[in-house]
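Participant: Got input31.txt for you, compact mmCIF, C-alpha atoms:
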```txt
# COMPACT_ATOMS: atom_id res chain seq x y z
CA MET A 502 80.72 77.95 114.00
CA ASP A 503 84.14 76.33 114.23
CA ILE A 504 87.40 78.07 113.48
CA ILE A 505 90.05 75.77 112.04
CA VAL A 506 93.76 76.59 112.17
CA PRO A 507 95.75 74.25 109.90
CA PHE A 508 99.20 73.40 111.29
CA SER A 509 101.04 74.91 108.31
CA ILE A 510 99.14 78.18 108.78
CA ARG A 511 99.74 78.08 112.54
CA LYS A 512 103.47 77.73 111.87
CA ARG A 513 103.61 80.45 109.19
CA GLU A 514 101.15 83.01 110.54
CA LEU A 515 101.26 82.45 114.32
CA SER A 516 104.89 81.40 114.90
CA GLY A 517 103.78 77.86 115.75
CA THR A 518 101.39 78.65 118.62
CA VAL A 519 97.85 79.98 118.75
CA SER A 520 98.24 82.79 121.28
CA ASP A 521 95.70 83.86 123.88
CA GLU A 522 95.31 87.04 121.82
CA ALA A 523 94.29 85.00 118.75
CA LYS A 524 91.94 82.81 120.82
CA LYS A 525 90.16 85.93 122.13
CA ILE A 526 89.72 87.19 118.58
CA PHE A 527 88.38 83.78 117.48
CA GLU A 528 85.82 83.83 120.32
CA LYS A 529 84.66 87.31 119.37
CA ILE A 530 84.26 86.26 115.73
CA LYS A 531 82.28 83.19 116.75
CA GLU A 532 79.98 85.35 118.88
CA ARG A 533 79.60 88.01 116.19
CA PRO A 534 80.42 86.67 112.70
CA GLU A 535 78.93 89.84 111.23
CA LEU A 536 82.21 91.57 112.21
CA ALA A 537 83.76 89.86 109.18
CA ILE A 538 83.67 91.53 105.80
CA GLY A 539 83.25 89.37 102.71
CA ILE A 540 85.88 89.98 100.04
CA ALA A 541 86.37 88.79 96.48
CA ALA A 542 89.38 86.95 95.10
CA LYS A 543 90.15 85.37 91.76
CA GLY A 544 90.19 81.61 91.27
CA LEU A 545 88.37 80.52 94.44
CA PRO A 546 86.83 77.04 94.39
CA ASP A 547 83.05 76.81 94.02
CA ARG A 548 81.02 77.61 97.16
CA THR A 549 84.06 79.24 98.81
CA THR A 550 83.94 82.68 100.40
CA LEU A 551 86.60 84.84 102.03
CA HIS A 552 86.03 86.76 105.25
CA LYS A 553 88.30 89.58 106.45
CA VAL A 554 88.34 90.64 110.10
CA TYR A 555 89.90 93.76 111.61
CA ALA A 556 90.91 93.40 115.26
CA THR A 557 92.57 95.65 117.80
CA THR A 558 94.75 94.00 120.44
CA PRO A 559 97.10 95.26 123.15
CA ASP A 560 99.93 94.43 120.73
CA GLY A 561 98.43 96.45 117.87
CA ALA A 562 96.01 96.15 114.97
CA ARG A 563 95.51 92.74 113.38
CA ARG A 564 94.06 91.62 110.07
CA LEU A 565 92.70 88.10 109.78
CA LEU A 566 91.45 86.29 106.72
CA PHE A 567 89.39 83.11 106.71
CA PHE A 568 87.90 81.00 103.99
CA CYS A 569 84.68 79.09 104.28
CA ARG A 570 83.71 76.27 101.99
CA HIS A 571 79.93 76.18 102.00
CA MET A 572 78.14 72.87 101.87
CA PRO A 573 75.77 72.20 98.98
CA PRO A 574 72.10 72.68 99.82
CA ARG A 575 70.91 70.15 102.39
CA LEU A 576 68.53 67.38 101.53
CA ALA A 577 65.37 67.27 103.61
CA GLY A 578 66.01 65.37 106.82
CA SER A 579 69.81 65.48 106.61
CA PRO A 580 71.71 66.75 109.68
CA GLN A 581 72.85 70.37 109.92
CA VAL A 582 76.61 70.80 109.43
CA ALA A 583 78.32 73.53 111.45
CA GLU A 584 79.92 76.30 109.44
CA ARG A 585 83.71 76.13 109.54
CA TRP A 586 86.01 79.04 108.90
CA VAL A 587 89.63 78.22 108.10
CA LEU A 588 92.35 80.69 109.03
CA VAL A 589 94.47 81.79 106.07
CA PHE A 590 96.18 84.96 107.36
CA TYR A 591 96.86 86.49 110.78
CA ARG A 592 98.80 89.66 110.10
CA GLY A 593 99.65 92.88 111.82
CA LYS A 594 99.07 96.28 110.34
CA GLY A 595 102.25 97.35 108.56
CA ASP A 596 102.68 93.97 106.87
CA PRO A 597 102.46 94.10 103.03
CA VAL A 598 99.53 91.67 103.08
CA GLY A 599 97.93 92.92 106.30
CA ASP A 600 97.79 96.49 105.04
CA ASN A 601 95.68 95.65 102.01
CA MET A 602 93.87 92.32 101.89
CA SER A 603 92.29 92.76 98.49
CA HIS A 604 92.69 91.47 94.96
CA LYS A 605 94.29 94.83 94.08
CA ASN A 606 97.37 93.91 96.16
CA SER A 607 99.74 91.60 94.26
CA ALA A 608 101.46 90.49 97.51
CA PHE A 609 98.06 89.43 98.85
CA GLU A 610 97.13 87.57 95.67
CA SER A 611 100.33 85.50 95.54
CA GLN A 612 100.40 84.70 99.26
CA LEU A 613 96.68 83.91 99.30
CA GLU A 614 97.19 81.17 96.73
CA ARG A 615 100.12 79.69 98.69
CA ASN A 616 98.36 79.82 102.06
CA MET A 617 95.10 78.40 100.65
CA THR A 618 97.09 75.51 99.16
CA ARG A 619 98.85 74.90 102.49
CA ALA A 620 95.60 75.00 104.45
CA LEU A 621 93.75 72.69 102.07
CA SER A 622 96.69 70.26 102.02
CA ASP A 623 96.66 70.00 105.83
CA ILE A 624 92.92 69.45 105.91
CA SER A 625 92.87 66.88 103.11
CA ALA A 626 95.87 64.97 104.55
CA SER A 627 94.20 64.71 107.96
CA THR A 628 92.68 61.47 109.16
CA PRO A 629 90.27 60.82 112.04
CA GLU A 630 93.25 59.56 114.06
CA ARG A 631 95.66 62.34 113.08
CA HIS A 632 94.41 65.87 112.52
CA LEU A 633 96.73 68.41 110.93
CA TYR A 634 94.72 71.29 112.35
CA GLU A 635 93.25 72.67 115.56
CA ILE A 636 89.61 73.55 116.07
CA PHE A 637 88.49 76.54 118.13
```
Would you mind writing the structure in this file as structure tokens?
Facilitator:
Amino acid sequence: MDIIVPFSIRKRELSGTVSDEAKKIFEKIKERPELAIGIAAKGLPDRTTLHKVYATTPDGARRLLFFCRHMPPRLAGSPQVAERWVLVFYRGKGDPVGDNMSHKNSAFESQLERNMTRALSDISASTPERHLYEIF
């Protein structure tokens, strides 16, 4: 599994830098993806799922949200593609979105749409020579 952090999300959610704290959380998620809880949201593209992760750090509780765009079923003999989770939110507890990452929270719904758009824009504008994201 790869974890992708689009530059616009890195700037907005992580103050421009992926901290050691965040990297440790990413490693734990990669080792144990079952720690993530699938959640529903309105208007997601086909084959897209959301995954919420609760983490405890020395600096307090964190709430992370990723999206994963699943590949269509493989054709026989085609190579396996690694699953990629894209960071959408990295919030502390006490934040209006971090407190309740669900479709019942209007702050979550509106910011989810904006952050998904930002993340997808970075990924789609990337080229092999110039990535607008980091991979962990």
Participant: Which residues come within 9 Å of region 543-556 of chain A, counting only C-alpha atoms, excluding same-chain residues fewer than 6 positions away, as JSON, numbers by chain?
Facilitator: {"A": [526, 530, 536, 537, 562, 563, 564, 565, 566, 567, 568, 569, 570, 571, 572, 573, 586, 602, 604, 610, 614]}
Participant: In Å, how far is it from CA of Lys594 (chain A) to CA of Phe637 (chain A)?
Facilitator: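 These atoms are spaced 23.7 Å apart.
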Participant: Separation of CA of Arg585 (chain A) and CA of Arg615 (chain A), in Å?
Facilitator: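 Computing the Euclidean distance for CA of Arg585 (chain A) and CA of Arg615 (chain A) yields 20.0 Å.
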Participant: Here is a test: counting all atoms listed in the file, which residue of A:Phe527, A:Ser627, A:Ile636, A:Arg619 is nearest to Ile510 (chain A)?
Facilitator: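 The answer is A:Arg619, which sits nearest to Ile510 (chain A).
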Participant: Enter the distance from CA of Gly517 (chain A) to CA of Arg533 (chain A), in Å, rounded to one decimal.
Facilitator: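 Calculated distance between CA of Gly517 (chain A) and CA of Arg533 (chain A) is 26.2 Å.
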Participant: So, with only C-alpha atoms as the atoms that count, which of A:Lys525, A:Ser603, A:Pro597, A:Ser509 lies closest to Leu621 (chain A)?
Facilitator: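 Closest residue, counting only C-alpha atoms: A:Ser509.
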Participant: With all atoms listed in the file as the atoms that count, which of A:Lys512, A:Asp503, A:Ala542, A:Ala583 lies nearest to Glu528 (chain A)?
Facilitator: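 Of A:Lys512, A:Asp503, A:Ala542, A:Ala583, the one nearest Glu528 (chain A) is A:Asp503, counting all atoms listed in the file.
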Participant: So which one's closest to Ser622 (chain A), A:Met502, A:Phe508, A:Ala541, A:Asp596? Using all atoms listed in the file, please.
Facilitator: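 Closest residue, counting all atoms listed in the file: A:Phe508.
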